[in-house]
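In what follows, a single structure is set out as structure tokens and then discussed.
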Amino acid sequence: MLAFFCLGTAVFLSGCSQKVEPWRFSGPTMGTQYNVAVVPPKGERNESFSCDQTELAKRIENSLALTNQQMSHYIADSELSKLSAMAAGESAQLSADMEKVLRLSERLYKLSDGAFDITIGPLVNLWGFGPKSSPEDAVPSQEQIADAMALSGGDSLEISGSSLKKGKAVELNLSAVAKGYGADKVAEALESCGAFNYLVEVGGELMLKGMSHRGTPWKIAVEKPSSSLAGQSMQRLIAVSDKGVATSGDYRNYFEKEGVRYSHTIDPRTGRPITHALASVTVLAPSSAEADAWATVITVAGPEQGMALAEQENLAVFMLVKTNSGFKEKYSSAFATYVQ
């Protein structure tokens, strides 16, 4: 996630002179960090707010632990790892959460004509950006790419009811949607306590609800593209409530070989890193999982096809496109209301 906000060591951009201090929770999860801010109840009693800070912290941790156990491809006995280990022709029952994520992934695979593919792991590894990659940057041959593509294919997954059947022995990787789904599940945990004004961030993917501690919508800064982590600067500030937010970009994770830059974002349809001019895309959607997944779809698709998809699906999308003179802003019709 390349949009940023202030929380704790980074305080919300909605301001630091608030009268009501939000309850803050943070810690490690999914190989990254989570940050949560909850606007506490006003006064000594609030009948709808049933949890204190200790109980909220416990529910947040439990929610994230469960999502990680379901969606991680690093945990050997996770639900995802067990699905990946299935042979061609085998079937398995899915948890309710896994079914939701796989159905979302299936829908976006079809809508994007394969630009979103959760079976792309062999290609990501081949290009040096995956958990099974060689540490040495290397440009694979066309034969190696073809072999990796033969091990992939979202159309080999068949979901029927709450069951998954594999047409071939593909591995699954939910890194383009799991953190967003984790943020959604934390949001559910907060609402089970009666909290309806909060910001949840998991590895940069956001879910925002209600109002901030200042009584205004949450404010999120979209980062100006830079290859350096130092001195982050803001491209645009947006006010958001009741939405998931995700930003994806290709300007920080890449390698160079013989003067050619290879992005970490692989197009499943070609087996190669993207080469178009889209530097970053920010997506607003009803859930963080949807925003997370759509940000990947549009990053792969590029500025023209990505914007066409955004208009087709009525998605609020903000793009930064590389030009010879810097970055040009482009946004969908649904995003126009967020331009300040």
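Letters A, B, ... mark the chains of the structure tokens in the order given; residue numbers begin at 1 per chain; ligand numbers begin at 1, in order shown.
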Residues within 8 Å of segment 96-104 of chain A, please, as a CSV table (one decimal) with N, CA and C atoms, in the first residue's frame. Count only C-alpha atoms; anything in the same chain fewer than 6 positions from it doesn't count.
chain,number,residue,atom,x,y,z
A,70,GLN,N,-5.6,-19.1,7.8
A,70,GLN,CA,-6.4,-19.5,6.6
A,70,GLN,C,-5.7,-19.2,5.3
A,71,MET,N,-5.1,-18.0,5.2
A,71,MET,CA,-4.7,-17.4,3.9
A,71,MET,C,-3.2,-17.5,3.6
A,159,ILE,N,-15.2,-23.7,-8.4
A,159,ILE,CA,-15.8,-23.5,-7.1
A,159,ILE,C,-17.3,-23.9,-7.3
A,162,SER,N,-19.6,-24.8,-1.6
A,162,SER,CA,-18.5,-24.4,-0.7
A,162,SER,C,-17.3,-25.4,-0.9
A,163,SER,N,-17.2,-25.9,-2.2
A,163,SER,CA,-16.2,-26.9,-2.5
A,163,SER,C,-15.3,-26.4,-3.6
A,177,VAL,N,-4.8,-10.3,-2.1
A,177,VAL,CA,-6.2,-10.0,-1.5
A,177,VAL,C,-6.2,-10.3,0.0
A,178,ALA,N,-5.3,-11.1,0.5
A,178,ALA,CA,-5.4,-11.6,1.9
A,178,ALA,C,-5.3,-10.5,2.9
A,181,TYR,N,-8.5,-8.6,3.0
A,181,TYR,CA,-9.5,-9.4,3.7
A,181,TYR,C,-9.3,-9.4,5.2
A,289,ALA,N,-10.8,-6.0,0.9
A,289,ALA,CA,-10.4,-7.1,0.0
A,289,ALA,C,-10.6,-6.7,-1.5
A,290,GLU,N,-11.8,-6.1,-1.8
A,290,GLU,CA,-12.1,-5.7,-3.1
A,290,GLU,C,-11.1,-4.7,-3.6
Excluding segment 152-154 of chain A and residues on its chain fewer than 3 positions from it, collect all residues at most 7 Å away from it, counting only C-alpha atoms, and give them as a JSON list (two decimals) with N, CA and C atoms, in the first residue's frame.
[["chain", "number", "residue", "atom", "x", "y", "z"],
["A", 109, "TYR", "N", -10.74, -12.58, -11.97],
["A", 109, "TYR", "CA", -10.02, -13.29, -13.03],
["A", 109, "TYR", "C", -10.81, -13.21, -14.33],
["A", 117, "ASP", "N", -4.75, -13.33, -11.24],
["A", 117, "ASP", "CA", -4.65, -14.79, -11.22],
["A", 117, "ASP", "C", -3.93, -15.24, -9.95],
["A", 118, "ILE", "N", -4.63, -15.92, -9.07],
["A", 118, "ILE", "CA", -4.04, -16.34, -7.79],
["A", 118, "ILE", "C", -3.18, -17.59, -7.93],
["A", 119, "THR", "N", -3.03, -18.10, -9.17],
["A", 119, "THR", "CA", -2.16, -19.26, -9.40],
["A", 119, "THR", "C", -0.83, -18.85, -10.04],
["A", 120, "ILE", "N", -0.49, -17.58, -9.99],
["A", 120, "ILE", "CA", 0.66, -17.05, -10.70],
["A", 120, "ILE", "C", 1.99, -17.30, -9.98],
["A", 122, "PRO", "N", 4.31, -19.67, -9.65],
["A", 122, "PRO", "CA", 5.50, -20.11, -10.37],
["A", 122, "PRO", "C", 6.17, -19.02, -11.19],
["A", 148, "ALA", "N", 6.61, -22.12, -16.67],
["A", 148, "ALA", "CA", 5.96, -21.58, -15.48],
["A", 148, "ALA", "C", 4.49, -21.28, -15.75],
["A", 149, "MET", "N", 4.19, -20.77, -16.94],
["A", 149, "MET", "CA", 2.80, -20.48, -17.29],
["A", 149, "MET", "C", 1.97, -21.76, -17.37],
["A", 157, "LEU", "N", -9.37, -23.74, -11.59],
["A", 157, "LEU", "CA", -10.05, -23.80, -10.30],
["A", 157, "LEU", "C", -11.56, -23.76, -10.51],
["A", 170, "VAL", "N", -2.26, -26.72, -9.53],
["A", 170, "VAL", "CA", -1.73, -25.37, -9.37],
["A", 170, "VAL", "C", -1.57, -25.03, -7.88]]
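Closest approach to Val240 of chain A among A:Tyr74, A:Trp218, A:Phe49, A:Phe25: A:Trp218, based on only C-alpha atoms.
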Residues flagged helix (DSSP H, G or I) by DSSP in segment 48-151 of chain A, as a VMD selection string: chain A and resid 53 to 71 79 to 84 96 to 111 121 to 126 142 to 150
Expected file: the selected residues, C-alpha atoms, as a PDB file, in the first residue's frame:
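Written out: part_32.pdb:
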ATOM      1  CA  GLN A  53      -9.577  -1.693  25.093  1.00  0.00           C
ATOM      2  CA  THR A  54      -8.335  -5.034  26.399  1.00  0.00           C
ATOM      3  CA  GLU A  55     -11.206  -6.930  24.822  1.00  0.00           C
ATOM      4  CA  LEU A  56     -10.847  -5.013  21.550  1.00  0.00           C
ATOM      5  CA  ALA A  57      -7.139  -5.856  21.402  1.00  0.00           C
ATOM      6  CA  LYS A  58      -7.926  -9.535  21.981  1.00  0.00           C
ATOM      7  CA  ARG A  59     -10.555  -9.643  19.232  1.00  0.00           C
ATOM      8  CA  ILE A  60      -8.245  -7.872  16.773  1.00  0.00           C
ATOM      9  CA  GLU A  61      -5.405 -10.310  17.459  1.00  0.00           C
ATOM     10  CA  ASN A  62      -7.674 -13.358  17.235  1.00  0.00           C
ATOM     11  CA  SER A  63      -9.175 -12.163  13.971  1.00  0.00           C
ATOM     12  CA  LEU A  64      -5.787 -11.603  12.349  1.00  0.00           C
ATOM     13  CA  ALA A  65      -4.420 -14.920  13.631  1.00  0.00           C
ATOM     14  CA  LEU A  66      -7.359 -16.768  12.074  1.00  0.00           C
ATOM     15  CA  THR A  67      -7.022 -15.002   8.708  1.00  0.00           C
ATOM     16  CA  ASN A  68      -3.292 -15.734   8.653  1.00  0.00           C
ATOM     17  CA  GLN A  69      -3.910 -19.402   9.434  1.00  0.00           C
ATOM     18  CA  GLN A  70      -6.389 -19.540   6.574  1.00  0.00           C
ATOM     19  CA  MET A  71      -4.664 -17.437   3.889  1.00  0.00           C
ATOM     20  CA  GLU A  79      -5.931 -23.827   4.737  1.00  0.00           C
ATOM     21  CA  LEU A  80      -4.315 -22.265   1.656  1.00  0.00           C
ATOM     22  CA  SER A  81      -1.259 -24.540   1.830  1.00  0.00           C
ATOM     23  CA  LYS A  82      -3.495 -27.597   2.055  1.00  0.00           C
ATOM     24  CA  LEU A  83      -5.440 -26.444  -1.008  1.00  0.00           C
ATOM     25  CA  SER A  84      -2.184 -25.855  -2.888  1.00  0.00           C
ATOM     26  CA  ALA A  96     -16.701 -19.589   4.660  1.00  0.00           C
ATOM     27  CA  ASP A  97     -13.858 -17.031   4.572  1.00  0.00           C
ATOM     28  CA  MET A  98     -11.850 -18.939   1.970  1.00  0.00           C
ATOM     29  CA  GLU A  99     -14.913 -19.362  -0.197  1.00  0.00           C
ATOM     30  CA  LYS A 100     -15.513 -15.588  -0.169  1.00  0.00           C
ATOM     31  CA  VAL A 101     -11.917 -14.822  -1.129  1.00  0.00           C
ATOM     32  CA  LEU A 102     -11.782 -17.466  -3.869  1.00  0.00           C
ATOM     33  CA  ARG A 103     -15.106 -16.324  -5.323  1.00  0.00           C
ATOM     34  CA  LEU A 104     -13.851 -12.725  -5.404  1.00  0.00           C
ATOM     35  CA  SER A 105     -10.642 -13.926  -7.067  1.00  0.00           C
ATOM     36  CA  GLU A 106     -12.623 -15.962  -9.607  1.00  0.00           C
ATOM     37  CA  ARG A 107     -14.843 -12.971 -10.459  1.00  0.00           C
ATOM     38  CA  LEU A 108     -11.880 -10.653 -11.014  1.00  0.00           C
ATOM     39  CA  TYR A 109     -10.022 -13.294 -13.029  1.00  0.00           C
ATOM     40  CA  LYS A 110     -12.952 -13.419 -15.444  1.00  0.00           C
ATOM     41  CA  LEU A 111     -13.642  -9.665 -15.516  1.00  0.00           C
ATOM     42  CA  GLY A 121       3.153 -18.186  -8.032  1.00  0.00           C
ATOM     43  CA  PRO A 122       5.499 -20.114 -10.374  1.00  0.00           C
ATOM     44  CA  LEU A 123       5.954 -16.992 -12.519  1.00  0.00           C
ATOM     45  CA  VAL A 124       6.569 -14.743  -9.509  1.00  0.00           C
ATOM     46  CA  ASN A 125       9.196 -17.186  -8.235  1.00  0.00           C
ATOM     47  CA  LEU A 126      10.778 -17.469 -11.679  1.00  0.00           C
ATOM     48  CA  GLN A 142      11.038 -17.752 -22.998  1.00  0.00           C
ATOM     49  CA  GLU A 143      11.115 -21.528 -22.501  1.00  0.00           C
ATOM     50  CA  GLN A 144      11.274 -21.089 -18.710  1.00  0.00           C
ATOM     51  CA  ILE A 145       8.412 -18.594 -18.858  1.00  0.00           C
ATOM     52  CA  ALA A 146       6.299 -20.996 -20.909  1.00  0.00           C
ATOM     53  CA  ASP A 147       7.000 -23.806 -18.425  1.00  0.00           C
ATOM     54  CA  ALA A 148       5.958 -21.583 -15.477  1.00  0.00           C
ATOM     55  CA  MET A 149       2.799 -20.476 -17.289  1.00  0.00           C
ATOM     56  CA  ALA A 150       1.920 -24.145 -17.854  1.00  0.00           C
TER      57      ALA A 150
END
Neighbour list for Asp267 of chain A as a PyMOL selection string, cut-off 10 Å, only C-alpha atoms, skip fewer than 4 positions in-chain: chain A and resi 114-117+120+123-124+271-275+297+299-301
Please dump the current selection as a PDB file, in the first residue's frame; keep N, CA and C atoms.
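Contents of the output file out-v4.pdb:
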ATOM      1  N   GLY A 114      -8.022 -12.544 -17.127  1.00  0.00           N
ATOM      2  CA  GLY A 114      -6.820 -13.212 -16.645  1.00  0.00           C
ATOM      3  C   GLY A 114      -5.745 -12.307 -16.076  1.00  0.00           C
ATOM      4  N   ALA A 115      -5.994 -10.998 -15.988  1.00  0.00           N
ATOM      5  CA  ALA A 115      -4.994 -10.096 -15.418  1.00  0.00           C
ATOM      6  C   ALA A 115      -4.827 -10.315 -13.922  1.00  0.00           C
ATOM      7  N   PHE A 116      -5.850 -10.867 -13.271  1.00  0.00           N
ATOM      8  CA  PHE A 116      -5.777 -11.220 -11.856  1.00  0.00           C
ATOM      9  C   PHE A 116      -5.821 -12.732 -11.756  1.00  0.00           C
ATOM     10  N   ASP A 117      -4.746 -13.332 -11.237  1.00  0.00           N
ATOM     11  CA  ASP A 117      -4.653 -14.793 -11.220  1.00  0.00           C
ATOM     12  C   ASP A 117      -3.933 -15.235  -9.954  1.00  0.00           C
ATOM     13  N   ILE A 120      -0.491 -17.578  -9.985  1.00  0.00           N
ATOM     14  CA  ILE A 120       0.658 -17.046 -10.697  1.00  0.00           C
ATOM     15  C   ILE A 120       1.993 -17.303  -9.984  1.00  0.00           C
ATOM     16  N   LEU A 123       5.386 -18.106 -11.760  1.00  0.00           N
ATOM     17  CA  LEU A 123       5.954 -16.992 -12.519  1.00  0.00           C
ATOM     18  C   LEU A 123       6.623 -15.980 -11.599  1.00  0.00           C
ATOM     19  N   VAL A 124       5.990 -15.692 -10.473  1.00  0.00           N
ATOM     20  CA  VAL A 124       6.569 -14.743  -9.509  1.00  0.00           C
ATOM     21  C   VAL A 124       7.904 -15.282  -8.988  1.00  0.00           C
ATOM     22  N   GLY A 271       3.275 -13.617 -18.847  1.00  0.00           N
ATOM     23  CA  GLY A 271       4.343 -14.241 -18.079  1.00  0.00           C
ATOM     24  C   GLY A 271       5.510 -13.320 -17.811  1.00  0.00           C
ATOM     25  N   ARG A 272       5.363 -12.039 -18.129  1.00  0.00           N
ATOM     26  CA  ARG A 272       6.454 -11.079 -18.006  1.00  0.00           C
ATOM     27  C   ARG A 272       6.057  -9.885 -17.135  1.00  0.00           C
ATOM     28  N   PRO A 273       7.047  -9.181 -16.582  1.00  0.00           N
ATOM     29  CA  PRO A 273       6.741  -7.969 -15.811  1.00  0.00           C
ATOM     30  C   PRO A 273       6.039  -6.928 -16.681  1.00  0.00           C
ATOM     31  N   ILE A 274       5.203  -6.128 -16.050  1.00  0.00           N
ATOM     32  CA  ILE A 274       4.508  -5.065 -16.776  1.00  0.00           C
ATOM     33  C   ILE A 274       5.519  -4.032 -17.284  1.00  0.00           C
ATOM     34  N   THR A 275       5.188  -3.395 -18.405  1.00  0.00           N
ATOM     35  CA  THR A 275       6.084  -2.405 -19.002  1.00  0.00           C
ATOM     36  C   THR A 275       5.386  -1.086 -19.308  1.00  0.00           C
ATOM     37  N   VAL A 297      -5.388  -5.773 -10.166  1.00  0.00           N
ATOM     38  CA  VAL A 297      -5.947  -5.907 -11.519  1.00  0.00           C
ATOM     39  C   VAL A 297      -5.559  -4.719 -12.378  1.00  0.00           C
ATOM     40  N   THR A 299      -3.261  -2.376 -11.880  1.00  0.00           N
ATOM     41  CA  THR A 299      -1.820  -2.233 -12.054  1.00  0.00           C
ATOM     42  C   THR A 299      -1.326  -3.122 -13.193  1.00  0.00           C
ATOM     43  N   VAL A 300      -1.831  -4.341 -13.255  1.00  0.00           N
ATOM     44  CA  VAL A 300      -1.441  -5.252 -14.336  1.00  0.00           C
ATOM     45  C   VAL A 300      -2.005  -4.773 -15.667  1.00  0.00           C
ATOM     46  N   ALA A 301      -3.261  -4.356 -15.671  1.00  0.00           N
ATOM     47  CA  ALA A 301      -3.944  -3.991 -16.914  1.00  0.00           C
ATOM     48  C   ALA A 301      -3.364  -2.755 -17.571  1.00  0.00           C
TER      49      ALA A 301
END
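Of the residues under consideration (A:Ser280, A:Ser72, A:Asn197, A:Ser233), A:Ser72 shows the shortest atom-to-atom contact distance to Thr29 of chain A when counting only C-alpha atoms.
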DSSP-assigned strand (DSSP E) members of segment 46-176 of chain A, reported as a PyMOL selection string: chain A and resi 91-93+157-160+163-166
Write a file of the selected residues as a PDB file, in the first residue's frame, keeping N, CA and C atoms.
ATOM      1  N   SER A  91     -10.855 -32.572  -4.713  1.00  0.00           N
ATOM      2  CA  SER A  91     -11.767 -31.540  -4.216  1.00  0.00           C
ATOM      3  C   SER A  91     -11.588 -31.383  -2.716  1.00  0.00           C
ATOM      4  N   ALA A  92     -11.984 -30.221  -2.206  1.00  0.00           N
ATOM      5  CA  ALA A  92     -11.919 -29.976  -0.766  1.00  0.00           C
ATOM      6  C   ALA A  92     -12.999 -28.986  -0.373  1.00  0.00           C
ATOM      7  N   GLN A  93     -13.510 -29.136   0.834  1.00  0.00           N
ATOM      8  CA  GLN A  93     -14.464 -28.176   1.381  1.00  0.00           C
ATOM      9  C   GLN A  93     -13.717 -26.923   1.832  1.00  0.00           C
ATOM     10  N   LEU A 157      -9.372 -23.739 -11.592  1.00  0.00           N
ATOM     11  CA  LEU A 157     -10.048 -23.798 -10.297  1.00  0.00           C
ATOM     12  C   LEU A 157     -11.561 -23.756 -10.514  1.00  0.00           C
ATOM     13  N   GLU A 158     -12.264 -24.678  -9.907  1.00  0.00           N
ATOM     14  CA  GLU A 158     -13.723 -24.739 -10.036  1.00  0.00           C
ATOM     15  C   GLU A 158     -14.353 -24.714  -8.650  1.00  0.00           C
ATOM     16  N   ILE A 159     -15.153 -23.667  -8.392  1.00  0.00           N
ATOM     17  CA  ILE A 159     -15.819 -23.533  -7.105  1.00  0.00           C
ATOM     18  C   ILE A 159     -17.287 -23.885  -7.290  1.00  0.00           C
ATOM     19  N   SER A 160     -17.736 -24.854  -6.518  1.00  0.00           N
ATOM     20  CA  SER A 160     -19.137 -25.274  -6.567  1.00  0.00           C
ATOM     21  C   SER A 160     -19.657 -25.367  -5.145  1.00  0.00           C
ATOM     22  N   SER A 163     -17.221 -25.917  -2.161  1.00  0.00           N
ATOM     23  CA  SER A 163     -16.177 -26.885  -2.488  1.00  0.00           C
ATOM     24  C   SER A 163     -15.304 -26.358  -3.614  1.00  0.00           C
ATOM     25  N   LEU A 164     -14.007 -26.659  -3.542  1.00  0.00           N
ATOM     26  CA  LEU A 164     -13.056 -26.302  -4.594  1.00  0.00           C
ATOM     27  C   LEU A 164     -12.535 -27.568  -5.250  1.00  0.00           C
ATOM     28  N   LYS A 165     -12.538 -27.581  -6.582  1.00  0.00           N
ATOM     29  CA  LYS A 165     -11.945 -28.682  -7.337  1.00  0.00           C
ATOM     30  C   LYS A 165     -10.871 -28.108  -8.252  1.00  0.00           C
ATOM     31  N   LYS A 166      -9.737 -28.815  -8.334  1.00  0.00           N
ATOM     32  CA  LYS A 166      -8.627 -28.354  -9.154  1.00  0.00           C
ATOM     33  C   LYS A 166      -8.515 -29.190 -10.423  1.00  0.00           C
TER      34      LYS A 166
END
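Across the structure, atom CA of Val283 of chain A and atom CA of Ser248 of chain A are spaced 8.6 Å apart.
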Which residue of A:Leu278, A:Met86, A:Ala246, A:Val317 approaches Glu201 of chain A most closely, using only C-alpha atoms: A:Ala246
Near-Ala285 of chain A list (9 Å; only C-alpha atoms; drop same-chain fewer than 2 positions) as a PyMOL selection string: chain A and resi 243-246+283+287-292+294+315-316
